[in-house]
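Below is start07.tsv, holding TSV, C-alpha atoms.
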chain	number	residue	atom	x	y	z
A	356	MET	CA	104.43	45.48	145.23
A	357	VAL	CA	106.98	47.88	143.72
A	358	TRP	CA	105.21	47.94	140.34
A	359	MET	CA	101.82	48.37	142.01
A	360	PHE	CA	103.18	51.37	143.91
A	361	LEU	CA	104.71	52.88	140.75
A	362	PHE	CA	101.55	52.54	138.66
A	363	THR	CA	98.94	53.47	141.29
A	364	VAL	CA	100.30	55.59	144.13
A	365	VAL	CA	102.95	57.57	142.23
A	366	PRO	CA	100.59	58.82	139.44
A	367	PHE	CA	98.06	60.06	141.99
A	368	LEU	CA	100.78	61.84	143.98
A	369	ALA	CA	101.97	63.44	140.76
A	370	MET	CA	98.41	64.45	139.87
A	371	ALA	CA	97.96	66.06	143.32
A	372	TYR	CA	101.17	68.03	142.72
A	373	ILE	CA	100.00	69.17	139.26
A	374	GLY	CA	96.48	69.95	140.52
A	375	TRP	CA	97.85	72.15	143.30
A	376	HIS	CA	99.96	74.08	140.78
A	377	VAL	CA	97.03	74.51	138.39
A	378	TRP	CA	94.89	75.79	141.27
A	379	CYS	CA	97.54	78.31	142.31
A	380	LEU	CA	98.33	79.41	138.75
A	381	LEU	CA	94.90	80.09	137.25
A	382	PRO	CA	93.68	83.68	137.87
A	383	LEU	CA	90.06	82.52	138.15
A	384	ALA	CA	87.31	82.18	140.72
A	385	TRP	CA	87.50	79.04	142.85
A	386	GLY	CA	84.60	77.42	140.94
A	387	TRP	CA	86.46	77.59	137.62
A	388	LYS	CA	89.65	76.37	139.25
A	389	LEU	CA	87.77	73.41	140.72
A	390	ALA	CA	86.26	72.62	137.31
A	391	ALA	CA	89.72	72.63	135.69
A	392	VAL	CA	91.11	70.23	138.31
A	393	ILE	CA	88.06	67.93	138.03
A	394	VAL	CA	88.43	67.73	134.23
A	395	MET	CA	92.11	66.88	134.64
A	396	VAL	CA	91.44	64.13	137.20
A	397	ALA	CA	88.47	62.73	135.24
A	398	SER	CA	90.52	62.51	132.05
A	399	PHE	CA	93.19	60.54	133.89
A	400	LEU	CA	90.64	58.18	135.46
A	401	LEU	CA	89.27	57.35	132.00
A	402	MET	CA	92.51	55.46	131.41
A	403	PHE	CA	91.57	52.95	134.11
A	404	GLY	CA	88.19	52.50	132.45
A	405	SER	CA	89.99	51.63	129.22
A	406	ILE	CA	92.27	49.15	130.98
A	407	ARG	CA	89.23	47.47	132.58
A	408	ARG	CA	87.57	47.25	129.11
A	409	THR	CA	84.71	49.61	129.97
A	410	THR	CA	85.18	50.77	126.38
A	411	ASP	CA	83.71	47.46	125.18
A	412	GLU	CA	80.35	48.40	126.70
A	413	LEU	CA	80.11	51.67	124.72
A	414	PRO	CA	79.45	52.43	121.04
A	415	LEU	CA	82.71	52.10	119.10
A	416	GLU	CA	83.22	55.85	118.59
A	417	TRP	CA	82.57	56.58	122.26
A	418	GLY	CA	84.91	53.80	123.27
A	419	THR	CA	87.59	55.29	121.03
A	420	ALA	CA	87.09	58.76	122.56
A	421	MET	CA	87.32	57.30	126.07
A	422	TYR	CA	90.48	55.34	125.24
A	423	GLU	CA	92.26	58.22	123.53
A	424	THR	CA	91.33	60.81	126.17
A	425	GLY	CA	92.35	58.60	129.07
A	426	THR	CA	95.64	57.35	127.65
A	427	SER	CA	96.62	60.74	126.18
A	428	SER	CA	96.14	62.39	129.59
A	429	VAL	CA	98.96	60.24	130.97
A	430	PHE	CA	101.48	61.89	128.64
A	431	VAL	CA	100.03	65.38	129.15
A	432	LEU	CA	100.32	64.98	132.92
A	433	LEU	CA	103.89	63.67	132.55
A	434	TYR	CA	105.00	66.83	130.76
A	435	LEU	CA	103.05	69.12	133.10
A	436	PHE	CA	104.80	67.41	136.02
A	437	ILE	CA	108.23	67.96	134.43
A	438	LEU	CA	107.40	71.57	133.59
A	439	PHE	CA	106.15	72.47	137.08
A	440	LEU	CA	109.11	70.64	138.64
A	441	VAL	CA	111.55	72.74	136.58
A	442	LEU	CA	109.71	75.94	137.53
A	443	ASP	CA	109.76	74.98	141.21
A	444	LEU	CA	113.50	74.28	141.08
A	445	GLY	CA	113.97	77.64	139.39
A	446	ARG	CA	112.00	79.32	142.17
A	447	LEU	CA	114.08	77.61	144.88
A	448	LEU	CA	117.24	78.79	143.14
A	449	HIS	CA	115.75	82.32	142.88
A	450	LEU	CA	115.79	82.15	139.09
A	451	VAL	CA	111.98	82.21	138.74
A	452	PRO	CA	109.97	84.86	140.63
A	453	ARG	CA	107.15	83.56	142.85
A	454	THR	CA	104.62	85.81	141.09
A	455	LEU	CA	105.15	83.80	137.91
A	456	LEU	CA	103.42	80.76	139.47
A	457	TYR	CA	100.51	82.40	141.32
A	458	ASN	CA	97.35	83.86	139.72
A	459	ASN	CA	99.24	84.59	136.53
A	460	GLY	CA	97.28	84.42	133.29
A	461	TRP	CA	100.36	85.05	131.16
A	462	THR	CA	102.16	82.03	132.60
A	463	ALA	CA	99.03	79.88	132.27
A	464	GLY	CA	98.64	80.95	128.63
A	465	ALA	CA	102.31	80.31	127.84
A	466	ILE	CA	102.12	76.81	129.38
A	467	ALA	CA	98.91	76.01	127.45
A	468	LEU	CA	100.49	77.20	124.17
A	469	PHE	CA	103.66	75.21	124.83
A	470	MET	CA	101.71	72.03	125.61
A	471	PHE	CA	99.51	72.44	122.52
A	472	GLY	CA	102.55	72.88	120.27
A	473	LEU	CA	104.43	69.98	121.85
A	474	PHE	CA	101.60	67.49	121.48
A	475	LEU	CA	100.66	68.69	118.00
A	476	TYR	CA	104.25	67.95	117.00
A	477	GLY	CA	104.11	64.60	118.84
A	478	ASN	CA	100.95	63.56	116.98
A	479	LEU	CA	102.25	64.59	113.55
A	480	HIS	CA	105.56	62.85	114.27
A	481	TYR	CA	103.67	59.68	115.22
A	482	LYS	CA	101.73	59.71	111.95
A	483	HIS	CA	104.98	59.85	109.96
A	484	LYS	CA	106.25	56.29	109.59
A	485	TYR	CA	110.02	56.17	109.34
A	486	ARG	CA	111.51	53.73	106.86
A	487	GLN	CA	114.57	52.02	108.34
A	488	GLU	CA	116.58	50.12	105.72
A	489	LEU	CA	119.17	47.50	106.66
A	490	THR	CA	121.44	45.32	104.55
A	491	VAL	CA	122.93	42.04	105.78
A	492	GLN	CA	125.47	40.08	103.73
A	493	SER	CA	125.51	36.30	104.17
A	494	ASP	CA	126.79	33.37	102.13
A	495	LYS	CA	123.75	31.44	103.44
A	496	VAL	CA	121.46	33.42	101.13
A	497	HIS	CA	121.63	32.29	97.51
A	498	LYS	CA	119.54	35.08	96.00
A	499	PRO	CA	118.72	38.64	97.15
A	500	LEU	CA	115.69	38.84	99.44
A	501	ARG	CA	113.72	41.81	100.74
A	502	LEU	CA	111.92	41.46	104.06
A	503	VAL	CA	109.63	44.00	105.70
A	504	MET	CA	109.71	43.66	109.47
A	505	LEU	CA	107.19	45.20	111.87
A	506	SER	CA	106.41	45.18	115.55
A	507	ASP	CA	103.87	46.68	117.95
A	508	LEU	CA	101.03	47.57	115.61
A	509	HIS	CA	98.64	47.81	118.59
A	510	LEU	CA	95.52	47.67	116.45
A	511	GLY	CA	92.44	48.58	118.46
A	512	TYR	CA	90.43	51.58	119.55
A	513	HIS	CA	93.09	54.14	118.62
A	514	ASN	CA	94.71	52.48	115.59
A	515	ARG	CA	91.61	51.75	113.57
A	516	ARG	CA	91.13	50.10	110.18
A	517	ASP	CA	91.54	53.27	108.11
A	518	GLU	CA	94.92	53.89	109.72
A	519	PHE	CA	95.99	50.28	109.22
A	520	HIS	CA	94.89	50.49	105.56
A	521	ARG	CA	97.54	53.20	105.06
A	522	TRP	CA	100.19	51.04	106.71
A	523	VAL	CA	99.36	48.10	104.44
A	524	ASP	CA	99.86	50.35	101.41
A	525	LEU	CA	103.30	51.37	102.72
A	526	ILE	CA	104.30	47.72	103.17
A	527	ASN	CA	103.03	46.63	99.74
A	528	ALA	CA	104.94	49.50	98.11
A	529	GLU	CA	108.18	47.81	99.24
A	530	HIS	CA	107.35	44.66	97.18
A	531	PRO	CA	108.68	42.37	99.92
A	532	ASP	CA	109.40	38.67	99.54
A	533	LEU	CA	108.36	38.10	103.15
A	534	ILE	CA	106.75	40.05	106.01
A	535	LEU	CA	107.76	39.37	109.63
A	536	ILE	CA	105.92	40.73	112.68
A	537	ALA	CA	107.43	40.56	116.17
A	538	GLY	CA	104.25	40.57	118.25
A	539	ASP	CA	101.70	43.01	119.70
A	540	ILE	CA	99.58	43.13	116.57
A	541	ILE	CA	96.60	43.51	118.91
A	542	ASP	CA	96.44	46.33	121.46
A	543	GLY	CA	94.14	44.77	124.06
A	544	SER	CA	90.47	44.48	123.20
A	545	MET	CA	89.48	42.29	120.26
A	546	ARG	CA	86.21	44.21	119.85
A	547	PRO	CA	87.46	46.96	117.41
A	548	LEU	CA	89.34	44.39	115.29
A	549	LEU	CA	86.28	42.18	114.95
A	550	GLU	CA	83.76	44.97	114.34
A	551	GLU	CA	85.93	46.59	111.67
A	552	ARG	CA	86.97	43.22	110.20
A	553	MET	CA	90.63	44.24	110.31
A	554	HIS	CA	91.74	40.76	109.26
A	555	GLU	CA	90.67	41.75	105.73
A	556	GLU	CA	93.46	44.34	105.62
A	557	PHE	CA	96.05	41.64	106.38
A	558	LEU	CA	94.68	39.68	103.42
A	559	ARG	CA	95.66	42.63	101.18
A	560	LEU	CA	99.34	42.12	102.02
A	561	GLN	CA	101.16	40.86	98.93
A	562	ALA	CA	103.67	38.56	100.64
A	563	PRO	CA	103.51	35.71	103.18
A	564	VAL	CA	103.29	36.92	106.79
A	565	TYR	CA	104.99	35.19	109.74
A	566	ALA	CA	104.58	36.42	113.28
A	567	CYS	CA	105.12	35.59	116.95
A	568	LEU	CA	102.94	36.59	119.89
A	569	GLY	CA	103.51	39.59	122.14
A	570	ASN	CA	102.36	40.33	125.66
A	571	HIS	CA	99.31	42.26	124.41
A	572	GLU	CA	98.02	39.18	122.60
A	573	TYR	CA	97.81	37.61	126.06
A	574	TYR	CA	96.00	40.67	127.42
A	575	SER	CA	93.41	40.30	124.65
A	576	GLY	CA	93.04	36.58	125.33
A	577	GLU	CA	95.51	34.26	123.62
A	578	PRO	CA	92.91	31.90	122.05
A	579	ASP	CA	91.08	34.90	120.53
A	580	ALA	CA	94.38	36.28	119.25
A	581	GLN	CA	95.23	32.95	117.62
A	582	ARG	CA	91.84	32.88	115.86
A	583	PHE	CA	92.46	36.40	114.57
A	584	TYR	CA	95.89	35.38	113.27
A	585	ARG	CA	94.30	32.47	111.37
A	586	ASP	CA	91.54	34.67	109.91
A	587	ALA	CA	94.17	37.20	108.84
A	588	GLY	CA	96.23	34.56	107.02
A	589	ILE	CA	99.19	35.04	109.38
A	590	HIS	CA	101.52	32.09	109.97
A	591	LEU	CA	101.83	32.04	113.76
A	592	LEU	CA	105.14	30.76	115.09
A	593	GLN	CA	104.61	29.96	118.77
A	594	ASP	CA	107.75	28.24	120.02
A	595	SER	CA	108.12	26.81	116.53
A	596	ALA	CA	109.99	27.36	113.27
A	597	ALA	CA	109.28	27.39	109.55
A	598	LEU	CA	111.69	26.82	106.67
A	599	VAL	CA	111.05	29.37	103.91
A	600	GLY	CA	113.54	28.95	101.08
A	601	ASP	CA	116.99	29.78	102.46
A	602	LEU	CA	115.51	31.14	105.69
A	603	LEU	CA	114.65	29.39	108.94
A	604	ILE	CA	112.13	31.65	110.72
A	605	ILE	CA	111.92	30.92	114.45
A	606	GLY	CA	109.12	32.44	116.53
A	607	ARG	CA	109.24	32.38	120.33
A	608	ASP	CA	106.15	32.51	122.48
A	609	ASP	CA	106.03	35.68	124.57
A	610	ARG	CA	107.69	35.56	127.98
A	611	THR	CA	104.24	36.36	129.47
A	612	ASN	CA	103.79	32.59	129.16
A	613	PRO	CA	105.99	31.15	131.97
A	614	HIS	CA	105.86	27.74	130.28
A	615	ARG	CA	107.30	28.79	126.94
A	616	LYS	CA	110.06	26.59	125.56
A	617	SER	CA	113.70	27.47	125.82
A	618	LEU	CA	115.34	28.66	122.63
A	619	GLY	CA	117.64	25.62	122.81
A	620	LYS	CA	114.68	23.26	122.75
A	621	ILE	CA	113.04	25.10	119.84
A	622	MET	CA	116.28	24.95	117.86
A	623	ALA	CA	116.71	21.24	118.62
A	624	GLU	CA	113.18	20.52	117.36
A	625	ALA	CA	113.74	22.68	114.26
A	626	GLY	CA	117.06	20.96	113.46
A	627	SER	CA	115.37	17.99	111.84
A	628	GLN	CA	113.56	20.15	109.27
A	629	ALA	CA	116.25	22.72	108.48
A	630	PRO	CA	119.76	22.37	107.05
A	631	GLN	CA	122.64	23.94	108.95
A	632	SER	CA	123.18	26.25	105.98
A	633	ALA	CA	119.81	28.03	106.49
A	634	PHE	CA	119.90	31.72	107.48
A	635	ARG	CA	118.28	31.81	110.93
A	636	ILE	CA	115.96	34.66	111.86
A	637	LEU	CA	114.51	34.80	115.38
A	638	LEU	CA	111.30	36.66	116.22
A	639	ASP	CA	111.13	37.32	119.97
A	640	HIS	CA	108.81	40.11	121.08
A	641	GLN	CA	110.61	41.19	124.25
A	642	PRO	CA	114.37	41.82	123.88
A	643	TYR	CA	115.57	40.18	127.08
A	644	HIS	CA	118.58	37.82	127.29
A	645	LEU	CA	120.03	38.68	123.90
A	646	GLU	CA	122.94	36.38	124.65
A	647	GLN	CA	120.68	33.37	123.98
A	648	ALA	CA	120.46	34.15	120.27
A	649	GLU	CA	124.24	34.44	120.08
A	650	GLN	CA	124.69	31.13	121.94
A	651	HIS	CA	122.38	29.30	119.51
A	652	ALA	CA	123.96	30.68	116.33
A	653	ILE	CA	121.01	32.86	115.31
A	654	ASP	CA	122.00	35.06	112.37
A	655	PHE	CA	119.45	37.84	112.95
A	656	GLN	CA	117.05	38.58	115.83
A	657	PHE	CA	114.15	40.98	115.45
A	658	SER	CA	112.30	42.26	118.53
A	659	GLY	CA	110.05	45.12	119.60
A	660	HIS	CA	108.10	45.75	122.82
A	661	THR	CA	110.11	48.70	124.18
A	662	HIS	CA	108.56	51.40	121.91
A	663	HIS	CA	111.81	53.11	122.94
A	664	GLY	CA	109.72	54.61	125.71
A	665	GLN	CA	107.30	56.30	123.24
A	666	VAL	CA	108.18	59.76	124.62
A	667	TRP	CA	111.24	61.34	126.18
A	668	PRO	CA	112.39	60.97	128.99
A	669	ILE	CA	110.82	57.48	129.29
A	670	SER	CA	113.26	56.47	126.56
A	671	TRP	CA	116.03	56.94	129.17
A	672	ILE	CA	114.30	54.33	131.35
A	673	THR	CA	114.08	51.76	128.54
A	674	ASP	CA	117.75	52.40	127.70
A	675	ALA	CA	118.60	51.57	131.33
A	676	ILE	CA	116.44	48.41	131.44
A	677	TYR	CA	117.51	46.68	128.23
A	678	GLU	CA	120.89	45.76	126.80
A	679	CYS	CA	119.56	47.36	123.62
A	680	ALA	CA	116.24	49.20	123.73
A	681	PHE	CA	116.28	50.49	120.17
A	682	GLY	CA	118.16	50.11	116.91
A	683	SER	CA	120.89	47.87	115.57
A	684	HIS	CA	123.03	45.76	117.87
A	685	LYS	CA	125.59	43.01	117.47
A	686	ARG	CA	126.82	40.12	119.60
A	687	GLY	CA	129.48	37.91	118.08
A	688	ARG	CA	128.15	36.87	114.66
A	689	THR	CA	124.52	37.63	115.54
A	690	ASP	CA	122.88	40.82	114.28
A	691	TYR	CA	119.94	42.32	116.16
A	692	TYR	CA	117.39	45.00	115.50
A	693	ILE	CA	115.10	46.25	118.28
A	694	SER	CA	112.25	48.23	116.75
A	695	SER	CA	110.46	51.15	118.38
A	696	GLY	CA	107.29	49.87	116.66
A	697	LEU	CA	105.02	50.86	113.82
A	698	GLY	CA	102.03	51.62	116.04
A	699	ILE	CA	101.81	52.66	119.65
A	700	TRP	CA	100.01	52.04	122.92
A	701	GLY	CA	97.70	54.77	124.16
A	702	GLY	CA	98.02	58.42	123.17
A	703	LYS	CA	99.28	58.85	119.62
A	704	PHE	CA	102.38	60.88	120.36
A	705	ARG	CA	106.05	60.36	119.53
A	706	ILE	CA	108.37	62.81	121.26
A	707	GLY	CA	112.06	61.97	121.03
A	708	THR	CA	111.25	58.56	119.48
A	709	ARG	CA	109.79	57.40	116.18
A	710	SER	CA	107.30	55.02	114.58
A	711	GLU	CA	109.00	52.84	112.02
A	712	TYR	CA	109.01	49.81	109.78
A	713	VAL	CA	112.18	47.98	108.81
A	714	VAL	CA	113.22	46.93	105.31
A	715	LEU	CA	115.86	44.20	105.53
A	716	ASN	CA	117.85	43.39	102.40
A	717	LEU	CA	119.54	39.99	102.54
A	718	ARG	CA	122.32	39.55	100.00

As structure tokens, what does this structure read like?
Amino acid sequence: MVWMFLFTVVPFLAMAYIGWHVWCLLPLAWGWKLAAVIVMVASFLLMFGSIRRTTDELPLEWGTAMYETGTSSVFVLLYLFILFLVLDLGRLLHLVPRTLLYNNGWTAGAIALFMFGLFLYGNLHYKHKYRQELTVQSDKVHKPLRLVMLSDLHLGYHNRRDEFHRWVDLINAEHPDLILIAGDIIDGSMRPLLEERMHEEFLRLQAPVYACLGNHEYYSGEPDAQRFYRDAGIHLLQDSAALVGDLLIIGRDDRTNPHRKSLGKIMAEAGSQAPQSAFRILLDHQPYHLEQAEQHAIDFQFSGHTHHGQVWPISWITDAIYECAFGSHKRGRTDYYISSGLGIWGGKFRIGTRSEYVVLNLR
């Protein structure tokens, strides 16, 4: 009930607050003011159409426009809410004159220019993929290895094949020995991936790919996601492990599945096929209960899911929810890295966070 309230009632209350401010601020006739508020509300409602897969009933380009408009409006409304809240607090403290917020074209123009600049920066920052390099020393590794690790690609209506093609080139340029993906390869709908034959881009990768499932694979339909993984040549680790040279790669099913195995059971089943000397890497999409990896002598855990909030100040919320919401972490002898993701859900903006891929050097 709490989550339903947060994701349904609260956004509409916030939109009413923003709409009232827009109405008061614009120095226009009531008809133009009404049109501006209607466009704002309609853009937000498009997001619900995307969630309900209305996009699948439209031509691909129209579906993309609907998805990007609806999901981008969420972030625009978030920053408008913050901005109007700050101005209202300033007015209550007699720091901002009332005339600044009523029928004022200069204020409206300044806000529009600020929002345009902020989201232009956010979009350009999203398109830049940050290269995070890590080095881990271990006597369990008998020769140097380079791994490229990714999470949260969210391929779909907004991250299309041409964009993914560029990402594949970045990965291949690293000349990795192995590629590991910690879930959420698929955004939600399988339709864009199938129509654009995105599995062919995975086949261009020049190293073996191992991956676990994320929660969005379940949103798209887990059997369909598994078929896509097979077509893409991805080795799916779903509560299972694979021995690759000196490495034991363990992939947990996503916690969306309430019947997933415990890590202890997975490790017990993997024990028969892997020597104790193997370097153990755990792929677990959602970074909850990090103590479990430490308890089961995992050497390195790689997770994603958080996106580090995608935009500030949501990153503060993820920092409060998770033991580690982003970056390197350590518990005992276990190293962790929680990635903010290569792709993104919804509007393609990174403000106060980054899109990244991780290059792990094992020595």

Against range 674-695 of chain A, which residues of range 496-601 of chain A fall within 10 Å? For each one I want the closest pair of atoms and the distance in Å (one decimal), counting all atoms listed in the file, rows by chain and increasing residue number, as a Markdown table.
| residue | atom | partner | partner_atom | distance |
| --- | --- | --- | --- | --- |
| A:Met504 | CA | A:Ser694 | CA | 9.0 |
| A:Leu505 | CA | A:Ser694 | CA | 7.7 |
| A:Ser506 | CA | A:Ser694 | CA | 6.7 |
| A:Asp507 | CA | A:Ser695 | CA | 8.0 |
| A:Ala537 | CA | A:Ser694 | CA | 9.1 |

Residues near range 401-412 of chain A, cut-off 8 Å, only C-alpha atoms, skip fewer than 2 positions along chain, as a ChimeraX atom specification: /A:397-399,414-415,417-419,421-422,424-426,544,546

As a ChimeraX atom specification, please: the residues near Leu508 in chain A (cut-off 9 Å, only C-alpha atoms, same-chain neighbours under 2 positions excluded). /A:505-506,510,514,519,536,538-542,696-700

Residue with smallest distance to Phe474 in chain A - pool A:Leu433, A:Asn459, A:Val599, A:Leu525, counting only C-alpha atoms: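 Of the candidates, the smallest distance to Phe474 in chain A is held by A:Leu433.
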
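One finds CA of Ala652 in chain A at 11.3 Å from CA of Ser632 in chain A.
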
Selection near Thr708 in chain A, 12 Å with only C-alpha atoms, sequence-local residues under 3 positions removed, as a ChimeraX atom specification: /A:476-478,480-481,483-485,661-671,673,680-682,694-697,699,703-705,711
